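Shown here: start16.pdb, PDB, C-alpha atoms and all ligand atoms.
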```
ATOM      1  CA  MET A 738      40.694   5.385   2.235  1.00  0.00           C
ATOM      2  CA  LYS A 739      44.478   5.267   1.735  1.00  0.00           C
ATOM      3  CA  VAL A 740      44.969   2.702   4.509  1.00  0.00           C
ATOM      4  CA  ARG A 741      42.412   0.407   2.947  1.00  0.00           C
ATOM      5  CA  THR A 742      44.154   0.493  -0.447  1.00  0.00           C
ATOM      6  CA  ASP A 743      47.470  -0.430   1.184  1.00  0.00           C
ATOM      7  CA  ALA A 744      45.828  -3.355   2.939  1.00  0.00           C
ATOM      8  CA  VAL A 745      44.459  -4.631  -0.367  1.00  0.00           C
ATOM      9  CA  LYS A 746      47.891  -4.231  -1.954  1.00  0.00           C
ATOM     10  CA  SER A 747      49.689  -6.238   0.732  1.00  0.00           C
ATOM     11  CA  PHE A 748      46.993  -8.901   0.514  1.00  0.00           C
ATOM     12  CA  LEU A 749      47.627  -9.189  -3.236  1.00  0.00           C
ATOM     13  CA  VAL A 750      51.395  -9.438  -2.635  1.00  0.00           C
ATOM     14  CA  LEU A 751      50.774 -12.271  -0.162  1.00  0.00           C
ATOM     15  CA  VAL A 752      48.568 -14.089  -2.692  1.00  0.00           C
ATOM     16  CA  ALA A 753      51.236 -13.689  -5.392  1.00  0.00           C
ATOM     17  CA  CYS A 754      53.937 -15.089  -3.075  1.00  0.00           C
ATOM     18  CA  GLY A 755      51.723 -18.003  -2.126  1.00  0.00           C
ATOM     19  CA  ALA A 756      51.120 -18.850  -5.789  1.00  0.00           C
ATOM     20  CA  MET A 757      54.854 -18.703  -6.438  1.00  0.00           C
ATOM     21  CA  SER A 758      55.764 -21.130  -3.661  1.00  0.00           C
ATOM     22  CA  ILE A 759      53.090 -23.546  -4.908  1.00  0.00           C
ATOM     23  CA  ALA A 760      54.596 -23.323  -8.426  1.00  0.00           C
ATOM     24  CA  VAL A 761      58.102 -23.999  -7.071  1.00  0.00           C
ATOM     25  CA  ALA A 762      56.891 -26.941  -4.984  1.00  0.00           C
ATOM     26  CA  ALA A 763      55.093 -28.420  -8.004  1.00  0.00           C
ATOM     27  CA  ALA A 764      58.242 -28.158 -10.108  1.00  0.00           C
ATOM     28  CA  ILE A 765      60.356 -30.305  -7.761  1.00  0.00           C
ATOM     29  CA  PRO A 766      58.765 -33.727  -8.445  1.00  0.00           C
ATOM     30  CA  SER A 767      59.189 -33.321 -12.224  1.00  0.00           C
ATOM     31  CA  VAL A 768      62.911 -32.620 -11.751  1.00  0.00           C
ATOM     32  CA  ALA A 769      63.134 -35.847  -9.728  1.00  0.00           C
ATOM     33  CA  ASN A 770      61.330 -37.745 -12.524  1.00  0.00           C
ATOM     34  CA  ALA A 771      63.833 -36.514 -15.090  1.00  0.00           C
ATOM     35  CA  ALA A 772      66.570 -38.257 -13.104  1.00  0.00           C
ATOM     36  CA  ASP A 773      64.861 -41.667 -13.368  1.00  0.00           C
ATOM     37  CA  PRO A 774      67.247 -44.258 -14.800  1.00  0.00           C
ATOM     38  CA  GLU A 775      65.585 -44.504 -18.196  1.00  0.00           C
ATOM     39  CA  MET A 776      67.821 -45.876 -20.965  1.00  0.00           C
ATOM     40  CA  LYS A 777      68.257 -43.741 -24.069  1.00  0.00           C
ATOM     41  CA  VAL A 778      68.563 -44.583 -27.750  1.00  0.00           C
ATOM     42  CA  GLU A 779      68.956 -41.716 -30.218  1.00  0.00           C
ATOM     43  CA  ILE A 780      67.996 -42.147 -33.845  1.00  0.00           C
ATOM     44  CA  SER A 781      68.654 -39.368 -36.306  1.00  0.00           C
ATOM     45  CA  ILE A 782      67.180 -39.603 -39.766  1.00  0.00           C
ATOM     46  CA  THR A 783      68.746 -38.038 -42.828  1.00  0.00           C
ATOM     47  CA  ASP A 784      67.593 -38.463 -46.429  1.00  0.00           C
ATOM     48  CA  GLN A 785      70.333 -41.140 -46.736  1.00  0.00           C
ATOM     49  CA  GLY A 786      69.336 -43.293 -43.766  1.00  0.00           C
ATOM     50  CA  TYR A 787      69.384 -43.700 -39.984  1.00  0.00           C
ATOM     51  CA  LYS A 788      72.145 -42.992 -37.474  1.00  0.00           C
ATOM     52  CA  VAL A 789      71.718 -44.830 -34.162  1.00  0.00           C
ATOM     53  CA  LYS A 790      73.407 -43.940 -30.878  1.00  0.00           C
ATOM     54  CA  GLY A 791      73.026 -46.112 -27.798  1.00  0.00           C
ATOM     55  CA  HIS A 792      71.326 -49.376 -26.934  1.00  0.00           C
ATOM     56  CA  THR A 793      69.040 -50.655 -24.226  1.00  0.00           C
ATOM     57  CA  THR A 794      68.634 -53.697 -21.998  1.00  0.00           C
ATOM     58  CA  ALA A 795      65.779 -56.166 -21.785  1.00  0.00           C
ATOM     59  CA  GLY A 796      62.988 -54.995 -19.508  1.00  0.00           C
ATOM     60  CA  ALA A 797      64.339 -51.439 -19.201  1.00  0.00           C
ATOM     61  CA  LEU A 798      62.128 -48.477 -19.992  1.00  0.00           C
ATOM     62  CA  THR A 799      63.852 -46.733 -22.884  1.00  0.00           C
ATOM     63  CA  ALA A 800      63.451 -43.279 -24.387  1.00  0.00           C
ATOM     64  CA  VAL A 801      63.911 -43.740 -28.122  1.00  0.00           C
ATOM     65  CA  ILE A 802      64.471 -40.193 -29.373  1.00  0.00           C
ATOM     66  CA  VAL A 803      63.879 -39.864 -33.117  1.00  0.00           C
ATOM     67  CA  ARG A 804      64.923 -36.722 -35.014  1.00  0.00           C
ATOM     68  CA  ASN A 805      64.249 -36.014 -38.656  1.00  0.00           C
ATOM     69  CA  GLU A 806      67.283 -34.073 -39.883  1.00  0.00           C
ATOM     70  CA  GLY A 807      66.408 -34.694 -43.520  1.00  0.00           C
ATOM     71  CA  SER A 808      64.609 -32.482 -46.012  1.00  0.00           C
ATOM     72  CA  MET A 809      61.439 -34.579 -46.412  1.00  0.00           C
ATOM     73  CA  THR A 810      58.937 -36.578 -44.376  1.00  0.00           C
ATOM     74  CA  HIS A 811      60.424 -39.850 -43.096  1.00  0.00           C
ATOM     75  CA  GLY A 812      58.871 -42.737 -41.243  1.00  0.00           C
ATOM     76  CA  ILE A 813      59.947 -45.317 -38.722  1.00  0.00           C
ATOM     77  CA  SER A 814      58.270 -48.682 -38.485  1.00  0.00           C
ATOM     78  CA  SER A 815      59.019 -51.920 -36.671  1.00  0.00           C
ATOM     79  CA  PRO A 816      56.914 -54.936 -35.736  1.00  0.00           C
ATOM     80  CA  LEU A 817      58.411 -54.575 -32.245  1.00  0.00           C
ATOM     81  CA  PHE A 818      56.931 -51.082 -31.787  1.00  0.00           C
ATOM     82  CA  LYS A 819      53.415 -52.530 -31.711  1.00  0.00           C
ATOM     83  CA  ALA A 820      53.762 -54.049 -28.256  1.00  0.00           C
ATOM     84  CA  GLY A 821      56.877 -52.224 -27.082  1.00  0.00           C
ATOM     85  CA  VAL A 822      55.938 -48.563 -27.341  1.00  0.00           C
ATOM     86  CA  VAL A 823      54.085 -47.570 -24.189  1.00  0.00           C
ATOM     87  CA  LYS A 824      53.883 -43.839 -24.935  1.00  0.00           C
ATOM     88  CA  LYS A 825      54.740 -41.381 -27.713  1.00  0.00           C
ATOM     89  CA  GLU A 826      55.687 -37.757 -27.086  1.00  0.00           C
ATOM     90  CA  GLY A 827      56.458 -34.983 -29.543  1.00  0.00           C
ATOM     91  CA  SER A 828      55.550 -34.268 -33.121  1.00  0.00           C
ATOM     92  CA  GLY A 829      55.411 -37.731 -34.715  1.00  0.00           C
ATOM     93  CA  VAL A 830      52.142 -38.869 -36.263  1.00  0.00           C
ATOM     94  CA  GLU A 831      51.010 -42.466 -35.886  1.00  0.00           C
ATOM     95  CA  ILE A 832      50.023 -44.010 -39.217  1.00  0.00           C
ATOM     96  CA  ARG A 833      47.447 -46.779 -39.018  1.00  0.00           C
ATOM     97  CA  GLY A 834      47.057 -49.698 -41.390  1.00  0.00           C
ATOM     98  CA  PRO A 835      44.281 -50.281 -43.933  1.00  0.00           C
ATOM     99  CA  LYS A 836      40.824 -49.222 -42.642  1.00  0.00           C
ATOM    100  CA  GLY A 837      42.536 -47.504 -39.706  1.00  0.00           C
ATOM    101  CA  LYS A 838      43.383 -50.810 -38.046  1.00  0.00           C
ATOM    102  CA  GLY A 839      46.670 -51.656 -36.395  1.00  0.00           C
ATOM    103  CA  PHE A 840      49.939 -49.755 -36.161  1.00  0.00           C
ATOM    104  CA  ARG A 841      51.842 -49.151 -39.402  1.00  0.00           C
ATOM    105  CA  ALA A 842      54.480 -46.483 -38.711  1.00  0.00           C
ATOM    106  CA  TYR A 843      55.270 -43.101 -37.183  1.00  0.00           C
ATOM    107  CA  HIS A 844      55.850 -40.229 -39.587  1.00  0.00           C
ATOM    108  CA  LEU A 845      58.039 -37.219 -38.811  1.00  0.00           C
ATOM    109  CA  GLU A 846      58.265 -33.965 -40.766  1.00  0.00           C
ATOM    110  CA  PRO A 847      61.709 -32.376 -41.380  1.00  0.00           C
ATOM    111  CA  GLY A 848      63.103 -30.751 -38.241  1.00  0.00           C
ATOM    112  CA  GLN A 849      60.700 -32.582 -35.934  1.00  0.00           C
ATOM    113  CA  THR A 850      61.529 -34.778 -32.940  1.00  0.00           C
ATOM    114  CA  MET A 851      59.537 -37.400 -31.082  1.00  0.00           C
ATOM    115  CA  THR A 852      60.223 -39.688 -28.142  1.00  0.00           C
ATOM    116  CA  LEU A 853      58.971 -43.269 -28.086  1.00  0.00           C
ATOM    117  CA  HIS A 854      58.950 -44.779 -24.610  1.00  0.00           C
ATOM    118  CA  PHE A 855      59.836 -48.351 -25.399  1.00  0.00           C
ATOM    119  CA  GLN A 856      60.175 -51.504 -23.352  1.00  0.00           C
ATOM    120  CA  GLN A 857      60.954 -55.033 -24.460  1.00  0.00           C
ATOM    121  CA  ALA A 858      60.827 -57.947 -22.049  1.00  0.00           C
ATOM    122  CA  SER A 859      63.404 -60.736 -21.952  1.00  0.00           C
ATOM    123  CA  GLN A 860      62.689 -63.345 -24.594  1.00  0.00           C
ATOM    124  CA  PRO A 861      64.102 -66.657 -23.368  1.00  0.00           C
ATOM    125  CA  ASP A 862      64.636 -69.344 -25.977  1.00  0.00           C
ATOM    126  CA  PRO A 863      61.823 -71.872 -25.311  1.00  0.00           C
ATOM    127  CA  ALA A 864      64.223 -74.787 -25.865  1.00  0.00           C
ATOM    128  CA  THR A 865      67.153 -73.683 -23.723  1.00  0.00           C
ATOM    129  CA  GLY A 866      65.637 -71.066 -21.410  1.00  0.00           C
ATOM    130  CA  ILE A 867      68.552 -68.790 -22.260  1.00  0.00           C
ATOM    131  CA  SER A 868      67.863 -65.159 -23.203  1.00  0.00           C
ATOM    132  CA  GLU A 869      70.104 -63.575 -25.765  1.00  0.00           C
ATOM    133  CA  THR A 870      70.702 -60.075 -27.000  1.00  0.00           C
ATOM    134  CA  THR A 871      68.136 -59.204 -29.659  1.00  0.00           C
ATOM    135  CA  GLN A 872      67.827 -56.521 -32.294  1.00  0.00           C
ATOM    136  CA  VAL A 873      64.981 -54.131 -32.930  1.00  0.00           C
ATOM    137  CA  PRO A 874      65.005 -53.720 -36.703  1.00  0.00           C
ATOM    138  CA  PHE A 875      63.244 -50.689 -38.159  1.00  0.00           C
ATOM    139  CA  TRP A 876      62.777 -49.078 -41.533  1.00  0.00           C
ATOM    140  CA  CYS A 877      61.210 -46.124 -43.301  1.00  0.00           C
ATOM    141  CA  ASP A 878      57.820 -47.116 -44.701  1.00  0.00           C
ATOM    142  CA  ILE A 879      58.092 -44.259 -47.237  1.00  0.00           C
ATOM    143  CA  HIS A 880      61.618 -45.101 -48.487  1.00  0.00           C
ATOM    144  CA  GLN A 881      61.978 -48.829 -48.000  1.00  0.00           C
ATOM    145  CA  HIS A 882      65.740 -48.885 -48.665  1.00  0.00           C
ATOM    146  CA  MET A 883      66.237 -46.959 -45.391  1.00  0.00           C
ATOM    147  CA  LYS A 884      66.860 -49.454 -42.603  1.00  0.00           C
ATOM    148  CA  GLY A 885      68.375 -49.480 -39.123  1.00  0.00           C
ATOM    149  CA  GLU A 886      68.370 -51.325 -35.833  1.00  0.00           C
ATOM    150  CA  PHE A 887      69.200 -50.960 -32.167  1.00  0.00           C
ATOM    151  CA  LEU A 888      70.200 -53.641 -29.699  1.00  0.00           C
ATOM    152  CA  VAL A 889      68.339 -54.902 -26.664  1.00  0.00           C
ATOM    153  CA  LEU A 890      71.055 -56.428 -24.455  1.00  0.00           C
ATOM    154  CA  GLU A 891      70.234 -59.310 -22.175  1.00  0.00           C
ATOM    155  CA  THR A 892      71.691 -58.681 -18.749  1.00  0.00           C
ATOM    156  CA  LYS A 893      70.813 -61.986 -17.046  1.00  0.00           C
ATOM    157  CA  GLY A 894      73.905 -64.175 -16.732  1.00  0.00           C
ATOM    158  CA  GLU A 895      75.596 -62.615 -19.732  1.00  0.00           C
ATOM    159  CA  VAL A 896      77.314 -59.571 -18.353  1.00  0.00           C
ATOM    160  CA  GLY A 897      81.079 -59.782 -18.335  1.00  0.00           C
ATOM    161  CA  GLY A 898      83.044 -58.418 -15.360  1.00  0.00           C
ATOM    162  CA  GLY A 899      84.680 -55.006 -15.314  1.00  0.00           C
TER     163      GLY A 899
HETATM  164 CU    CU B   1      62.224 -41.972 -45.456  1.00  0.00          CU
END
```
Could you show the structure in this file as structure tokens?
Amino acid sequence: MKVRTDAVKSFLVLVACGAMSIAVAAAIPSVANAADPEMKVEISITDQGYKVKGHTTAGALTAVIVRNEGSMTHGISSPLFKAGVVKKEGSGVEIRGPKGKGFRAYHLEPGQTMTLHFQQASQPDPATGISETTQVPFWCDIHQHMKGEFLVLETKGEVGGG
């Protein structure tokens, strides 16, 4: 009887080890994904307004990280989020327009963070064919005096040396 118990025990140990190596193997691809060259723009919100760190380039996938460091609910809205935001992660709530149609804003409670994965294509001037650096303006739909922007740099033919 004792021998049989030991056999069951070592079988269980083997199963546990197997599960662990599967877990380790599964963790490796996500570490590789985190190293993807995604651009980053950080927006912190206080009750006074927005603080923006960073910029992005046209066509680049960008993690726009929004933090509400204020004491009340704040929003962030931009016409360019409608087409540009491919995915939202974190606590933000999407606010729809009248009758639940269309995007209006994202709302964030105090202390919350969300990430908007954003991408804006090059927008060449139809007359000249030249693409220029553009701005993504945004504002708080709750407190309309709160405004900010980040830049989308055009890299084609405009980058200086060095
Ligand atoms: Cu606000």
Using only C-alpha atoms and all ligand atoms, find each residue with an atom at most 9 Å away from ligand CU 1 (chain B) and format the answer as a PyMOL selection string.
-> chain A and resi 782-786+807+809-813+844+876-883
8 Å contact set for Lys825 in chain A, only C-alpha atoms, chain neighbours under 6 positions out, as a ChimeraX atom specification | /A:851-854
Name the closest residue to Phe875 in chain A among the candidates A:Glu826, A:Val801, A:Pro861, A:Phe887; distances are taken between atoms, counting all atoms listed in the file.
->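 Among the listed residues, A:Phe887 lies closest to Phe875 in chain A.
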Can you work out which one of A:Val823, A:Val873, A:Leu817, A:Val830 has the shortest atom-to-atom distance to Glu886 in chain A, counting all atoms listed in the file?
->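 Nearest to Glu886 in chain A: A:Val873.
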CA of Lys788 in chain A to CA of Phe855 in chain A, distance in Å rounded to a single decimal |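 Value for the CA of Lys788 in chain A-CA of Phe855 in chain A distance: 18.1 Å.
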